[in-house]
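Chemist: Following this message is one structure expressed as structure tokens.
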Amino acid sequence: MIKVAVLGYGVVGSGVVSVLLRNKDRIRQNAGQEIEVKYILDIKKFPESSHKPLFTDSFDTIRNDPEIKIVVEVIGGTKAALDYTRQSLEAGKSVVTSNKELVALYGNELMNIAAEKGVNYLFEASVGGAIPIIRPLVQCMTANIIGEIYGILNGTTNYILTDMEKSGSDFNAALTEAQKKGYAESDPTADIEGHDTCRKICILSSIAFGSHVHPEHVQTEGIKGITIKDIQNAKALGYKVKLLGRSRSVGDKVLAFVAPHLVSDHSVLSGVDDVMNAVVIRGNAAGDVVFCGAGAGKLPTASAVVADIIDAVRHVHARRWIGWSAGTADMLIDPEFMESAWYIRTDATRDKVMREFGSVIFAENHNGGNANDGGEISFISTVINKRTLQDLLSRDITALSKFRILGDY
Ligand code: HSE
């Protein structure tokens with residue numbers, strides 16, 4: 001039998017304990033031995049919980065208990081979570097986590113400590129909830145040179161955008177609905193401003209390209225500026241609006257950014273709605289491989305955490321290789337040089353747009369005119385980089401919205 005401690009009894013922590021109990025026999029079979037939760041650490045009290053005897057508020061008890069071989073960090077954030085993770089690894093315990101902020105910021109350091117101590121730091125649940133993505137990238141696609149990664153990496157924002165599209169709700173109403181359903185946090189900033197997506201694309205990029213891609217160096221735009229008009233205009237043009245994390249290898253550099261995009265109705269990402277996530281990985285041997293599934297939620301996330309616990313049990317005396325080297329800010333390329341077609345919503349006239357932009361596709365060509373939008377028009381430009389776009393817009397064309405179009409994927 002192997003004993004574990006779960007740090008944090010929130011949505012994910014309670015899900016982990018629940019999956020460990022619910023699938024106990026299957027997990028014993030797959031792990032080769034029984035896995036028992038010996039402690040649950042949380043500052044909150046849960047007097048009604050059937051696991052009451054397991055609760056402790058003393059991390060020292062956990063760290064000093066030689067029976068604890070695996071610590072499950074599902075506290076979130078970077079304060080106690082970082083401190084407890086460092087201490088657990090230093091004490092020779094493997095750590096399993098869903099904490100993407102911690103991995104994106106401190107993954108390199110924590111994996112180095114794990115390597116020194118001969119233990120594992122595993123974080124399958126940090127990207128894409130239930131979707132197996134870290135392990136496939138590290139193992140199944142390891143024979144490939146990865147050229148590009150892109151995808152829908154945040155369940156909350158995808159739920160909001162889907163709701164706006166399907167029910168015609170505006171952004172605030174859709175956010176309230178996402179909060180009511182328990183998808184969005186009471187403080188949804190990290191989701192709606194794109195930081196969560198940024199952390200996830202940084203983790204995937206660091207693994208794929210071998211150097212730490214730091215969130216602070218990645219341009220990030222969220223979904224707050226997206227209006228119902230944008231969603232409707234995109235639909236009329238044959239697109240959906242999706243928040244994407246994107247990253248590609250360019251020589252020895254990396255181009256990575258997060259921004260709302262228009263994705264074609266023919267794109268594999270177009271049908272990925274609600275809290276579902278999908279990631280496309282382009283390998284030079286495998287081609288495009290798509291990973292799709294529930295990107296958020298208690299049990300989907302717990303599914304990935306428990307899989308890592310089982311992996312750590314099976315490799316309790318052997319390290320799973322996973323890691324990347326320390327990166328530098330100058331290895332990132334500014335995405336403004338990346339070309340794409342652009343969706344623009346503006347109050348400029350059609351004549352003015354055609355004069356400056358040349359050949360464009362107007363949304364009204366598809367939906368019979370949008371003169372009822374208070375004189376606003378929307379259009380898709382030819383393929384140009386962001387600098388050129390900004391230059392064209394500086395000629396007295398105010399962009400009320402501007403989003404890249406995902407290319408021919
Ligand atoms: N807040 C995240 C999301 C949770 O909505 O995708 C899963 O990482």
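Just so we're on the same page: first chain in the structure tokens is A, next is B, and so on; residues restart at 1 for each chain, and ligands are numbered from 1 in the order they show up.
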Could you name the residues that touch range 32-35 of chain A at 8 Å or less, counting only C-alpha atoms, but leaving out those on the same chain fewer than 2 positions away, as a PyMOL selection string?
Modeler: chain A and resi 1-4+20+24+27-30+37+314
Chemist: Next, dump the selected residues to file, keeping only C-alpha atoms, as a PDB file, in the first residue's frame.
Modeler:
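The resulting file, again_17.pdb, is shown below:
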```pdb
ATOM      1  CA  MET A   1       0.000   0.000   0.000  1.00  0.00           C
ATOM      2  CA  ILE A   2       1.168   3.524  -0.754  1.00  0.00           C
ATOM      3  CA  LYS A   3       0.046   6.539   1.231  1.00  0.00           C
ATOM      4  CA  VAL A   4      -0.597   9.968  -0.216  1.00  0.00           C
ATOM      5  CA  LEU A  20      -9.596   7.353  -5.604  1.00  0.00           C
ATOM      6  CA  LYS A  24     -10.514   1.946  -5.851  1.00  0.00           C
ATOM      7  CA  ILE A  27      -6.845   1.875  -9.416  1.00  0.00           C
ATOM      8  CA  ARG A  28      -5.284  -0.823  -7.197  1.00  0.00           C
ATOM      9  CA  GLN A  29      -5.071  -3.092 -10.227  1.00  0.00           C
ATOM     10  CA  ASN A  30      -3.470  -0.417 -12.405  1.00  0.00           C
ATOM     11  CA  VAL A  37      -5.201   8.984   1.319  1.00  0.00           C
ATOM     12  CA  ARG A 314       4.409   2.730 -10.543  1.00  0.00           C
TER      13      ARG A 314
END
```
Chemist: What's the 8 Å shell around Arg319 in chain A, counting only C-alpha atoms, without same-chain residues fewer than 3 positions away, as a ChimeraX atom specification?
Modeler: /A:115,118-120,315-316
Chemist: Output C-alpha atoms for every residue in that selection, as a PDB file, in the first residue's frame.
Modeler:
```pdb
ATOM      1  CA  ALA A 115      15.581  15.223 -10.612  1.00  0.00           C
ATOM      2  CA  GLY A 118      15.159  11.109  -7.746  1.00  0.00           C
ATOM      3  CA  VAL A 119      11.419  11.694  -7.459  1.00  0.00           C
ATOM      4  CA  ASN A 120       8.693  12.811  -9.856  1.00  0.00           C
ATOM      5  CA  HIS A 315       7.617   4.755 -10.772  1.00  0.00           C
ATOM      6  CA  VAL A 316       8.203   5.363  -7.109  1.00  0.00           C
TER       7      VAL A 316
END
```
Chemist: Report the distance between CA of Leu255 in chain A and CA of Pro335 in chain A in Å, rounded to one decimal place.
Modeler: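 That distance, rounded to one decimal, is 6.2 Å.
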Chemist: Residues of range 56-201 of chain A in helix (DSSP H, G or I) according to DSSP, as number ranges by chain?
Modeler: A: 59-63, 80-90, 100-117, 124-126, 134-140, 155-167, 171-180, 189-192, 195-201
Chemist: Save out the residues we just selected, C-alpha atoms, as a PDB file, in the first residue's frame.
Modeler:
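What follows is the written file out_17.pdb:
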```
ATOM      1  CA  PHE A  59       2.004  20.606   6.481  1.00  0.00           C
ATOM      2  CA  ASP A  60       4.947  19.681   8.726  1.00  0.00           C
ATOM      3  CA  THR A  61       3.115  16.511   9.759  1.00  0.00           C
ATOM      4  CA  ILE A  62       2.882  15.520   6.098  1.00  0.00           C
ATOM      5  CA  ARG A  63       6.461  16.464   5.220  1.00  0.00           C
ATOM      6  CA  ALA A  80       1.637  27.936  -0.157  1.00  0.00           C
ATOM      7  CA  ALA A  81       1.552  25.732  -3.255  1.00  0.00           C
ATOM      8  CA  LEU A  82       5.134  26.646  -4.201  1.00  0.00           C
ATOM      9  CA  ASP A  83       6.455  26.383  -0.662  1.00  0.00           C
ATOM     10  CA  TYR A  84       4.825  22.995  -0.018  1.00  0.00           C
ATOM     11  CA  THR A  85       5.878  21.636  -3.412  1.00  0.00           C
ATOM     12  CA  ARG A  86       9.509  22.609  -2.856  1.00  0.00           C
ATOM     13  CA  GLN A  87       9.499  21.141   0.642  1.00  0.00           C
ATOM     14  CA  SER A  88       7.812  17.907  -0.464  1.00  0.00           C
ATOM     15  CA  LEU A  89      10.285  17.353  -3.305  1.00  0.00           C
ATOM     16  CA  GLU A  90      13.231  18.218  -1.040  1.00  0.00           C
ATOM     17  CA  LYS A 100      -0.734  25.343 -14.205  1.00  0.00           C
ATOM     18  CA  GLU A 101       0.316  28.686 -12.755  1.00  0.00           C
ATOM     19  CA  LEU A 102       2.972  26.996 -10.656  1.00  0.00           C
ATOM     20  CA  VAL A 103       4.193  24.773 -13.492  1.00  0.00           C
ATOM     21  CA  ALA A 104       4.256  27.660 -15.992  1.00  0.00           C
ATOM     22  CA  LEU A 105       6.215  29.892 -13.613  1.00  0.00           C
ATOM     23  CA  TYR A 106       8.373  27.484 -11.614  1.00  0.00           C
ATOM     24  CA  GLY A 107       8.230  24.186 -13.531  1.00  0.00           C
ATOM     25  CA  ASN A 108      11.903  24.272 -14.462  1.00  0.00           C
ATOM     26  CA  GLU A 109      13.096  24.790 -10.889  1.00  0.00           C
ATOM     27  CA  LEU A 110      10.674  22.204  -9.463  1.00  0.00           C
ATOM     28  CA  MET A 111      11.600  19.547 -12.020  1.00  0.00           C
ATOM     29  CA  ASN A 112      15.276  20.170 -11.256  1.00  0.00           C
ATOM     30  CA  ILE A 113      14.654  19.568  -7.550  1.00  0.00           C
ATOM     31  CA  ALA A 114      12.676  16.430  -8.431  1.00  0.00           C
ATOM     32  CA  ALA A 115      15.581  15.223 -10.612  1.00  0.00           C
ATOM     33  CA  GLU A 116      18.128  15.850  -7.831  1.00  0.00           C
ATOM     34  CA  LYS A 117      16.022  13.948  -5.354  1.00  0.00           C
ATOM     35  CA  GLU A 124      -0.870  16.081 -16.599  1.00  0.00           C
ATOM     36  CA  ALA A 125      -3.936  17.880 -15.183  1.00  0.00           C
ATOM     37  CA  SER A 126      -2.380  21.320 -15.591  1.00  0.00           C
ATOM     38  CA  ILE A 134       1.419  16.159 -21.446  1.00  0.00           C
ATOM     39  CA  ARG A 135       2.194  12.436 -21.514  1.00  0.00           C
ATOM     40  CA  PRO A 136       1.405  12.041 -25.242  1.00  0.00           C
ATOM     41  CA  LEU A 137       3.632  15.036 -25.971  1.00  0.00           C
ATOM     42  CA  VAL A 138       6.483  13.715 -23.806  1.00  0.00           C
ATOM     43  CA  GLN A 139       6.151  10.067 -24.832  1.00  0.00           C
ATOM     44  CA  CYS A 140       4.003   9.286 -27.863  1.00  0.00           C
ATOM     45  CA  GLY A 155     -13.141  25.790 -20.631  1.00  0.00           C
ATOM     46  CA  THR A 156     -14.689  28.866 -19.032  1.00  0.00           C
ATOM     47  CA  THR A 157     -14.076  31.215 -21.948  1.00  0.00           C
ATOM     48  CA  ASN A 158     -15.123  28.574 -24.449  1.00  0.00           C
ATOM     49  CA  TYR A 159     -18.370  28.142 -22.513  1.00  0.00           C
ATOM     50  CA  ILE A 160     -18.957  31.922 -22.564  1.00  0.00           C
ATOM     51  CA  LEU A 161     -18.271  32.235 -26.306  1.00  0.00           C
ATOM     52  CA  THR A 162     -20.503  29.247 -27.069  1.00  0.00           C
ATOM     53  CA  ASP A 163     -23.312  30.698 -24.961  1.00  0.00           C
ATOM     54  CA  MET A 164     -23.009  34.079 -26.705  1.00  0.00           C
ATOM     55  CA  GLU A 165     -23.205  32.326 -30.062  1.00  0.00           C
ATOM     56  CA  LYS A 166     -26.059  29.953 -29.244  1.00  0.00           C
ATOM     57  CA  SER A 167     -28.303  32.043 -27.019  1.00  0.00           C
ATOM     58  CA  PHE A 171     -20.576  38.825 -22.626  1.00  0.00           C
ATOM     59  CA  ASN A 172     -21.670  39.781 -19.085  1.00  0.00           C
ATOM     60  CA  ALA A 173     -24.807  37.609 -19.192  1.00  0.00           C
ATOM     61  CA  ALA A 174     -22.803  34.652 -20.510  1.00  0.00           C
ATOM     62  CA  LEU A 175     -20.177  35.144 -17.783  1.00  0.00           C
ATOM     63  CA  THR A 176     -22.892  35.196 -15.100  1.00  0.00           C
ATOM     64  CA  GLU A 177     -24.323  31.991 -16.557  1.00  0.00           C
ATOM     65  CA  ALA A 178     -20.857  30.366 -16.510  1.00  0.00           C
ATOM     66  CA  GLN A 179     -20.487  31.369 -12.856  1.00  0.00           C
ATOM     67  CA  LYS A 180     -23.945  29.973 -12.006  1.00  0.00           C
ATOM     68  CA  THR A 189      -9.943  37.333 -14.277  1.00  0.00           C
ATOM     69  CA  ALA A 190      -7.364  34.656 -15.109  1.00  0.00           C
ATOM     70  CA  ASP A 191      -9.779  32.931 -17.473  1.00  0.00           C
ATOM     71  CA  ILE A 192     -11.361  35.873 -19.287  1.00  0.00           C
ATOM     72  CA  HIS A 195      -3.800  34.267 -18.427  1.00  0.00           C
ATOM     73  CA  ASP A 196      -4.974  30.696 -17.877  1.00  0.00           C
ATOM     74  CA  THR A 197      -4.653  29.937 -21.600  1.00  0.00           C
ATOM     75  CA  CYS A 198      -1.250  31.637 -21.583  1.00  0.00           C
ATOM     76  CA  ARG A 199       0.035  29.424 -18.752  1.00  0.00           C
ATOM     77  CA  LYS A 200      -1.150  26.321 -20.581  1.00  0.00           C
ATOM     78  CA  ILE A 201       0.400  27.220 -23.940  1.00  0.00           C
TER      79      ILE A 201
END
```
Chemist: Range 50-218 of chain A: which residues are strand (DSSP E) by DSSP, as a count of residues only?
Modeler: 21
Chemist: Find the residues near Thr346 in chain A: any atom within 7 Å, counting only C-alpha atoms, skip ones fewer than 6 places away on the same chain, and give them as a PyMOL selection string.
Modeler: chain A and resi 376-378+397-400
Chemist: Go ahead and dump the residues you just picked, N, CA and C atoms, as a PDB file, in the first residue's frame.
Modeler:
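Once everything was written out, this is again27.pdb:
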```
ATOM      1  N   GLU A 376     -21.964  50.475 -38.655  1.00  0.00           N
ATOM      2  CA  GLU A 376     -20.745  49.658 -38.556  1.00  0.00           C
ATOM      3  C   GLU A 376     -20.716  48.619 -39.669  1.00  0.00           C
ATOM      4  N   ILE A 377     -19.515  48.332 -40.112  1.00  0.00           N
ATOM      5  CA  ILE A 377     -19.352  47.237 -41.071  1.00  0.00           C
ATOM      6  C   ILE A 377     -18.249  46.320 -40.559  1.00  0.00           C
ATOM      7  N   SER A 378     -18.269  45.102 -41.028  1.00  0.00           N
ATOM      8  CA  SER A 378     -17.148  44.222 -40.681  1.00  0.00           C
ATOM      9  C   SER A 378     -16.668  43.529 -41.935  1.00  0.00           C
ATOM     10  N   ILE A 397      -9.124  54.566 -39.921  1.00  0.00           N
ATOM     11  CA  ILE A 397     -10.112  53.478 -39.857  1.00  0.00           C
ATOM     12  C   ILE A 397     -10.054  52.926 -38.432  1.00  0.00           C
ATOM     13  N   THR A 398     -11.053  53.253 -37.641  1.00  0.00           N
ATOM     14  CA  THR A 398     -11.042  52.794 -36.247  1.00  0.00           C
ATOM     15  C   THR A 398     -11.525  51.349 -36.185  1.00  0.00           C
ATOM     16  N   ALA A 399     -10.688  50.485 -35.646  1.00  0.00           N
ATOM     17  CA  ALA A 399     -11.115  49.080 -35.490  1.00  0.00           C
ATOM     18  C   ALA A 399     -11.835  48.947 -34.152  1.00  0.00           C
ATOM     19  N   LEU A 400     -13.138  48.675 -34.205  1.00  0.00           N
ATOM     20  CA  LEU A 400     -13.904  48.456 -32.967  1.00  0.00           C
ATOM     21  C   LEU A 400     -13.593  47.063 -32.425  1.00  0.00           C
TER      22      LEU A 400
END
```
Chemist: Give the answer as one residue: which of A:Phe379, A:Phe291, A:Phe209, A:Phe337 has the shortest atom-to-atom distance to Gly147 in chain A, using only C-alpha atoms?
Modeler: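 Closest residue, counting only C-alpha atoms: A:Phe209.
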Chemist: What's the separation between CA of Lys386 in chain A and CA of Gly151 in chain A, in Å to one decimal place?
Modeler: 20.6 Å
